[in-house]
>>> print(open('upload.txt').read())   # compact mmCIF, C-alpha atoms
# COMPACT_ATOMS: atom_id res chain seq x y z
CA MET A 1 18.75 -4.02 114.21
CA SER A 2 16.78 -6.86 115.76
CA LEU A 3 17.52 -10.52 115.03
CA LYS A 4 14.07 -10.90 113.44
CA LYS A 5 14.83 -8.11 110.94
CA VAL A 6 18.19 -9.70 110.10
CA PHE A 7 16.45 -13.09 109.64
CA ILE A 8 13.90 -11.57 107.23
CA ALA A 9 16.57 -9.68 105.27
CA THR A 10 18.75 -12.80 104.98
CA SER A 11 15.78 -14.91 103.88
CA ILE A 12 14.91 -12.40 101.16
CA ALA A 13 18.53 -12.26 99.98
CA LEU A 14 18.77 -16.06 99.91
CA SER A 15 15.53 -16.39 97.97
CA SER A 16 16.70 -13.91 95.31
CA SER A 17 18.81 -15.01 92.38
CA LEU A 18 21.96 -13.27 93.68
CA ALA A 19 23.59 -16.47 94.92
CA MET A 20 26.13 -17.87 92.49
CA ALA A 21 27.27 -21.41 93.24
CA ASN A 22 26.14 -25.05 93.18
CA GLY A 23 23.85 -26.70 95.72
CA VAL A 24 24.52 -27.83 99.26
CA SER A 25 24.85 -31.35 100.70
CA TYR A 26 22.23 -33.11 102.82
CA ASP A 27 24.61 -35.99 103.60
CA TYR A 28 26.86 -35.08 106.52
CA LEU A 29 28.10 -35.63 110.08
CA GLN A 30 28.53 -32.60 112.32
CA GLY A 31 29.70 -31.77 115.83
CA GLY A 32 29.87 -28.49 117.68
CA ILE A 33 29.28 -26.41 120.77
CA GLN A 34 26.17 -24.41 121.73
CA ASP A 35 25.74 -21.57 124.22
CA TYR A 36 22.25 -20.48 125.26
CA ASP A 37 23.04 -17.14 126.95
CA ASP A 38 22.63 -17.53 130.73
CA GLN A 39 20.63 -20.77 130.43
CA PHE A 40 23.00 -23.62 129.49
CA ASP A 41 25.86 -24.66 127.22
CA GLY A 42 27.06 -27.94 125.78
CA VAL A 43 27.84 -30.04 122.72
CA GLU A 44 25.61 -31.01 119.83
CA PHE A 45 26.03 -33.81 117.29
CA GLU A 46 24.03 -34.07 114.09
CA GLY A 47 23.82 -36.44 111.15
CA SER A 48 21.85 -36.13 107.93
CA MET A 49 21.40 -38.58 105.06
CA SER A 50 19.47 -38.29 101.79
CA PHE A 51 16.79 -40.85 100.94
CA ASN A 52 16.45 -39.55 97.37
CA GLN A 53 16.72 -36.28 95.44
CA ASN A 54 14.40 -34.29 97.75
CA TRP A 55 13.96 -36.24 101.02
CA TYR A 56 16.41 -36.78 103.88
CA GLY A 57 16.53 -37.91 107.49
CA LYS A 58 18.28 -36.04 110.30
CA ALA A 59 19.21 -36.97 113.87
CA GLU A 60 20.42 -34.48 116.51
CA ILE A 61 21.72 -35.12 120.02
CA MET A 62 22.54 -32.29 122.43
CA LYS A 63 24.24 -32.80 125.81
CA ALA A 64 24.46 -29.67 127.94
CA GLU A 65 24.57 -28.41 131.51
CA THR A 66 22.71 -25.47 133.04
CA ASN A 67 24.77 -22.51 134.18
CA VAL A 68 22.96 -22.44 137.53
CA GLY A 69 22.75 -25.68 139.51
CA ASN A 70 24.75 -27.76 136.99
CA THR A 71 21.65 -29.71 135.88
CA ASP A 72 22.00 -31.95 132.81
CA VAL A 73 20.08 -30.95 129.68
CA ASP A 74 19.58 -33.65 127.04
CA ARG A 75 17.75 -33.22 123.73
CA ILE A 76 17.16 -35.71 120.94
CA ARG A 77 15.51 -34.85 117.63
CA LEU A 78 14.66 -37.28 114.83
CA ASN A 79 13.36 -35.49 111.74
CA VAL A 80 12.34 -36.18 108.18
CA GLY A 81 13.18 -33.34 105.83
CA PHE A 82 12.22 -32.14 102.38
CA HIS A 83 14.18 -29.70 100.22
CA THR A 84 13.52 -28.27 96.79
CA PRO A 85 15.48 -25.72 94.77
CA ILE A 86 14.00 -22.26 94.34
CA ASN A 87 16.85 -21.22 92.02
CA ASN A 88 20.29 -22.57 90.99
CA SER A 89 21.83 -22.33 94.45
CA VAL A 90 19.12 -21.86 97.09
CA ASP A 91 16.87 -24.54 98.54
CA PHE A 92 13.65 -24.21 100.48
CA VAL A 93 13.92 -26.61 103.45
CA ALA A 94 11.15 -28.10 105.62
CA GLU A 95 11.47 -30.67 108.42
CA ALA A 96 9.17 -32.29 110.94
CA GLY A 97 9.79 -34.91 113.57
CA TYR A 98 10.04 -36.13 117.13
CA GLU A 99 11.93 -34.43 119.98
CA ASP A 100 12.63 -35.44 123.56
CA TYR A 101 13.91 -33.13 126.31
CA GLU A 102 15.28 -34.20 129.70
CA VAL A 103 16.24 -31.45 132.16
CA GLY A 104 16.78 -32.64 135.72
CA GLY A 105 13.44 -34.21 136.74
CA PHE A 106 11.62 -32.80 133.68
CA ASP A 107 11.15 -35.28 130.82
CA ASP A 108 8.82 -34.53 127.92
CA SER A 109 8.54 -35.39 124.26
CA GLY A 110 6.59 -34.01 121.33
CA PHE A 111 7.04 -32.77 117.79
CA ASN A 112 9.13 -30.08 116.12
CA ALA A 113 8.86 -28.41 112.73
CA LEU A 114 11.36 -26.32 110.76
CA ALA A 115 11.14 -24.18 107.62
CA GLY A 116 13.77 -22.02 105.98
CA PHE A 117 16.26 -21.42 103.19
CA ARG A 118 19.75 -22.77 102.63
CA GLY A 119 22.12 -21.89 99.79
CA MET A 120 25.52 -20.96 98.49
CA ALA A 121 26.35 -17.23 98.47
CA SER A 122 29.68 -17.96 96.74
CA GLN A 123 31.76 -20.99 95.84
CA ASN A 124 32.87 -21.52 99.46
CA PHE A 125 30.34 -19.63 101.58
CA GLU A 126 26.92 -21.03 102.52
CA LEU A 127 24.10 -19.13 104.26
CA GLY A 128 20.97 -20.42 105.96
CA GLY A 129 17.98 -18.96 107.75
CA TYR A 130 15.44 -21.09 109.64
CA ALA A 131 12.38 -20.86 111.87
CA GLN A 132 11.80 -23.90 114.11
CA TYR A 133 8.86 -24.62 116.41
CA SER A 134 9.21 -26.87 119.48
CA ASP A 135 6.05 -28.49 120.87
CA VAL A 136 7.81 -29.42 124.13
CA LEU A 137 9.07 -25.89 124.84
CA GLU A 138 6.08 -24.24 123.13
CA SER A 139 8.54 -21.86 121.50
CA THR A 140 9.76 -20.63 118.13
CA ASP A 141 13.47 -20.34 117.35
CA LEU A 142 14.87 -18.12 114.56
CA THR A 143 18.41 -19.08 113.50
CA LEU A 144 20.89 -17.68 110.99
CA GLU A 145 23.85 -19.79 109.88
CA GLY A 146 27.02 -19.04 107.94
CA ARG A 147 29.31 -21.84 106.77
CA TYR A 148 32.75 -21.73 105.14
CA HIS A 149 33.61 -24.76 102.96
CA PHE A 150 37.32 -25.56 102.94
CA ASP A 151 36.70 -28.14 100.23
CA ARG A 152 33.90 -30.45 99.06
CA ASN A 153 33.89 -32.39 102.35
CA MET A 154 35.03 -30.17 105.24
CA SER A 155 33.37 -26.99 106.51
CA VAL A 156 33.03 -24.86 109.63
CA GLY A 157 29.80 -23.14 110.60
CA VAL A 158 28.74 -20.32 112.91
CA GLU A 159 25.15 -19.78 113.99
CA ILE A 160 23.23 -17.20 115.96
CA GLY A 161 19.62 -17.45 116.99
CA ASN A 162 16.84 -16.34 119.24
CA ASP A 163 14.37 -18.69 120.90
CA ASP A 164 11.37 -16.98 122.46
CA GLU A 165 11.62 -19.35 125.44
CA LEU A 166 15.42 -19.77 125.79
CA ASP A 167 16.63 -16.33 124.58
CA ASN A 168 19.73 -15.92 122.38
CA HIS A 169 21.98 -18.80 121.40
CA TYR A 170 25.28 -19.10 119.57
CA GLY A 171 27.12 -22.05 118.11
CA VAL A 172 30.21 -23.18 116.22
CA ASN A 173 30.43 -26.53 114.45
CA PHE A 174 32.52 -28.62 112.11
CA ARG A 175 30.92 -30.67 109.36
CA TYR A 176 32.07 -33.56 107.19
CA SER A 177 29.92 -33.95 104.06
CA PHE A 178 29.98 -37.19 102.11
>>> encode(input="upload.txt", output="structure tokens")
Amino acid sequence: MSLKKVFIATSIALSSSLAMANGVSYDYLQGGIQDYDDQFDGVEFEGSMSFNQNWYGKAEIMKAETNVGNTDVDRIRLNVGFHTPINNSVDFVAEAGYEDYEVGGFDDSGFNALAGFRGMASQNFELGGYAQYSDVLESTDLTLEGRYHFDRNMSVGVEIGNDDELDNHYGVNFRYSF
């Protein structure tokens, strides 16, 4: 089954009323590792903070190195996000903002936009599915995320995605929600 079919199936399941737990947090600090197939791998740090009931800000920093030539890859994203519940435990999420990429001598900035769903499948298990467009890379990335919550504050997440410019990517991260 292709990743796009899995993304669509997960999005439909998340948007149904099958999920059974409370909402998710938009106030957190997160750190993890990312692997973009044969392209590059590195670390990514992310922070998100709510402005009010539906709006939040998010900052992401990625530091990586290409697998061929050991060239540094740096990405910064600063986004404003909006979320609204579509049922008791699933939110529709939309973000837009600024991004900057530096890869060796290449340095470009532009906008990015994200849309997707995020919700609790059970008391401790969160699922998410997102589509994100990058103006700099002129590409669309489809990502699925699963997250296990140890308690109210600590969780571990696994993600898998496909970017039409950078191919498949995988990640593992730890999150502290406050």
>>> residues_around(input="upload.txt", residues="stretch 48-59 of chain A", least_positions_apart="2", cutoff="8 Å", atoms="all atoms listed in the file", output="list in words")
Tyr26, Asp27, Tyr28, Leu29, Glu46, Ile61, Ile76, Arg77, Leu78, Asn79, Val80, Gly81, Phe82, His83 and Thr84 of chain A
>>> atom_distance(input="upload.txt", atom1="atom CA of A:Ile160", atom2="atom CA of A:Thr140")
14.1 Å
>>> closest_residue(input="upload.txt", among="A:Asp151, A:Asp108, A:Asp91, A:Glu99", to="A:Leu127", atoms="all atoms listed in the file")
A:Asp91
>>> residues_around(input="upload.txt", residues="A:Asp41", least_positions_apart="4", cutoff="6 Å", atoms="only C-alpha atoms", output="ChimeraX atom specification")
/A:34-36,64-65
>>> closest_residue(input="upload.txt", among="A:Ser89, A:Ser134, A:Gly129, A:Ala115", to="A:Arg75", atoms="only C-alpha atoms")
A:Ser134
>>> closest_residue(input="upload.txt", among="A:Gly47, A:Ser25, A:Gln39, A:Asp100", to="A:Arg118", atoms="all atoms listed in the file")
A:Ser25
>>> residues_around(input="upload.txt", residues="A:Asn124", least_positions_apart="5", cutoff="8 Å", atoms="all atoms listed in the file", output="list in words")
Tyr148, His149, Phe150 and Asp151 of chain A
>>> residues_around(input="upload.txt", residues="A:Tyr133", least_positions_apart="4", cutoff="12 Å", atoms="only C-alpha atoms", output="compact mmCIF listing (two decimals) with C-alpha atoms, keeping the file's coordinate frame")
# COMPACT_ATOMS: atom_id res chain seq x y z
CA ALA A 94 11.15 -28.10 105.62
CA GLU A 95 11.47 -30.67 108.42
CA ALA A 96 9.17 -32.29 110.94
CA GLY A 97 9.79 -34.91 113.57
CA TYR A 98 10.04 -36.13 117.13
CA GLU A 99 11.93 -34.43 119.98
CA GLY A 110 6.59 -34.01 121.33
CA PHE A 111 7.04 -32.77 117.79
CA ASN A 112 9.13 -30.08 116.12
CA ALA A 113 8.86 -28.41 112.73
CA LEU A 114 11.36 -26.32 110.76
CA ALA A 115 11.14 -24.18 107.62
CA GLY A 116 13.77 -22.02 105.98
CA LEU A 137 9.07 -25.89 124.84
CA GLU A 138 6.08 -24.24 123.13
CA SER A 139 8.54 -21.86 121.50
CA THR A 140 9.76 -20.63 118.13
CA ASP A 141 13.47 -20.34 117.35
CA LEU A 142 14.87 -18.12 114.56
CA THR A 143 18.41 -19.08 113.50
CA ASN A 162 16.84 -16.34 119.24
CA ASP A 163 14.37 -18.69 120.90
CA ASP A 164 11.37 -16.98 122.46
CA GLU A 165 11.62 -19.35 125.44
>>> atom_distance(input="upload.txt", atom1="atom CA of A:Asn88", atom2="atom CA of A:Met120")
9.3 Å
>>> atom_distance(input="upload.txt", atom1="atom CA of A:Met154", atom2="atom CA of A:Ser177")
6.5 Å
>>> closest_residue(input="upload.txt", among="A:Arg175, A:Met62, A:Arg147, A:Tyr101", to="A:Ser122", atoms="all atoms listed in the file")
A:Arg147
>>> closest_residue(input="upload.txt", among="A:Thr71, A:Asn168, A:Ser155, A:Asn173", to="A:Phe106", atoms="all atoms listed in the file")
A:Thr71
>>> closest_residue(input="upload.txt", among="A:Phe45, A:Val73, A:Gly31, A:Tyr170", to="A:Val156", atoms="only C-alpha atoms")
A:Gly31
>>> decode(input="upload.txt", residues="stretch 104-125 of chain A", atoms="N, CA, C and O atoms", output="JSON list (two decimals), in the first residue's frame")
[["chain", "number", "residue", "atom", "x", "y", "z"],
["A", 104, "GLY", "N", 24.97, 24.02, 2.26],
["A", 104, "GLY", "CA", 26.22, 24.41, 1.61],
["A", 104, "GLY", "C", 26.16, 25.87, 1.19],
["A", 104, "GLY", "O", 25.91, 26.75, 1.99],
["A", 105, "GLY", "N", 26.32, 26.16, -0.10],
["A", 105, "GLY", "CA", 26.25, 27.53, -0.61],
["A", 105, "GLY", "C", 24.85, 28.00, -0.94],
["A", 105, "GLY", "O", 24.62, 29.15, -1.27],
["A", 106, "PHE", "N", 23.85, 27.11, -0.85],
["A", 106, "PHE", "CA", 22.46, 27.43, -1.14],
["A", 106, "PHE", "C", 21.81, 28.03, 0.08],
["A", 106, "PHE", "O", 21.87, 27.47, 1.17],
["A", 107, "ASP", "N", 21.18, 29.18, -0.05],
["A", 107, "ASP", "CA", 20.48, 29.84, 1.05],
["A", 107, "ASP", "C", 19.24, 30.48, 0.47],
["A", 107, "ASP", "O", 19.33, 31.37, -0.38],
["A", 108, "ASP", "N", 18.06, 30.03, 0.92],
["A", 108, "ASP", "CA", 16.82, 30.56, 0.38],
["A", 108, "ASP", "C", 15.77, 30.56, 1.49],
["A", 108, "ASP", "O", 15.81, 29.75, 2.41],
["A", 109, "SER", "N", 14.84, 31.47, 1.38],
["A", 109, "SER", "CA", 13.75, 31.53, 2.35],
["A", 109, "SER", "C", 12.43, 31.75, 1.61],
["A", 109, "SER", "O", 12.41, 32.20, 0.46],
["A", 110, "GLY", "N", 11.36, 31.40, 2.26],
["A", 110, "GLY", "CA", 10.03, 31.53, 1.67],
["A", 110, "GLY", "C", 8.98, 31.16, 2.70],
["A", 110, "GLY", "O", 9.20, 31.27, 3.90],
["A", 111, "PHE", "N", 7.83, 30.69, 2.22],
["A", 111, "PHE", "CA", 6.75, 30.34, 3.13],
["A", 111, "PHE", "C", 6.53, 28.84, 3.14],
["A", 111, "PHE", "O", 7.00, 28.11, 2.27],
["A", 112, "ASN", "N", 5.80, 28.38, 4.15],
["A", 112, "ASN", "CA", 5.34, 27.00, 4.22],
["A", 112, "ASN", "C", 3.92, 27.00, 4.75],
["A", 112, "ASN", "O", 3.51, 27.93, 5.43],
["A", 113, "ALA", "N", 3.18, 25.97, 4.41],
["A", 113, "ALA", "CA", 1.80, 25.84, 4.87],
["A", 113, "ALA", "C", 1.53, 24.37, 5.19],
["A", 113, "ALA", "O", 2.03, 23.48, 4.50],
["A", 114, "LEU", "N", 0.76, 24.13, 6.23],
["A", 114, "LEU", "CA", 0.45, 22.78, 6.69],
["A", 114, "LEU", "C", -1.04, 22.66, 6.96],
["A", 114, "LEU", "O", -1.66, 23.61, 7.46],
["A", 115, "ALA", "N", -1.62, 21.51, 6.67],
["A", 115, "ALA", "CA", -3.00, 21.19, 7.03],
["A", 115, "ALA", "C", -3.07, 19.72, 7.40],
["A", 115, "ALA", "O", -2.34, 18.89, 6.82],
["A", 116, "GLY", "N", -3.90, 19.38, 8.37],
["A", 116, "GLY", "CA", -4.02, 17.99, 8.75],
["A", 116, "GLY", "C", -4.94, 17.78, 9.93],
["A", 116, "GLY", "O", -5.71, 18.67, 10.30],
["A", 117, "PHE", "N", -4.84, 16.59, 10.51],
["A", 117, "PHE", "CA", -5.66, 16.20, 11.66],
["A", 117, "PHE", "C", -4.76, 15.65, 12.75],
["A", 117, "PHE", "O", -3.75, 15.01, 12.47],
["A", 118, "ARG", "N", -5.17, 15.87, 13.99],
["A", 118, "ARG", "CA", -4.40, 15.42, 15.14],
["A", 118, "ARG", "C", -5.40, 15.04, 16.24],
["A", 118, "ARG", "O", -6.30, 15.83, 16.54],
["A", 119, "GLY", "N", -5.26, 13.84, 16.81],
["A", 119, "GLY", "CA", -6.21, 13.46, 17.85],
["A", 119, "GLY", "C", -5.79, 12.24, 18.62],
["A", 119, "GLY", "O", -4.84, 11.55, 18.28],
["A", 120, "MET", "N", -6.55, 11.97, 19.67],
["A", 120, "MET", "CA", -6.28, 10.85, 20.56],
["A", 120, "MET", "C", -7.08, 9.64, 20.10],
["A", 120, "MET", "O", -8.30, 9.69, 19.99],
["A", 121, "ALA", "N", -6.39, 8.53, 19.81],
["A", 121, "ALA", "CA", -7.04, 7.28, 19.43],
["A", 121, "ALA", "C", -7.42, 6.46, 20.66],
["A", 121, "ALA", "O", -8.29, 5.61, 20.59],
["A", 122, "SER", "N", -6.73, 6.72, 21.77],
["A", 122, "SER", "CA", -7.04, 6.10, 23.06],
["A", 122, "SER", "C", -6.52, 7.06, 24.13],
["A", 122, "SER", "O", -6.03, 8.13, 23.82],
["A", 123, "GLN", "N", -6.59, 6.65, 25.38],
["A", 123, "GLN", "CA", -6.16, 7.52, 26.46],
["A", 123, "GLN", "C", -4.68, 7.91, 26.35],
["A", 123, "GLN", "O", -4.29, 9.00, 26.71],
["A", 124, "ASN", "N", -3.84, 7.01, 25.83],
["A", 124, "ASN", "CA", -2.40, 7.26, 25.78],
["A", 124, "ASN", "C", -1.82, 7.34, 24.37],
["A", 124, "ASN", "O", -0.63, 7.60, 24.23],
["A", 125, "PHE", "N", -2.62, 7.07, 23.34],
["A", 125, "PHE", "CA", -2.07, 7.01, 21.99],
["A", 125, "PHE", "C", -2.67, 8.08, 21.10],
["A", 125, "PHE", "O", -3.88, 8.16, 20.93]]
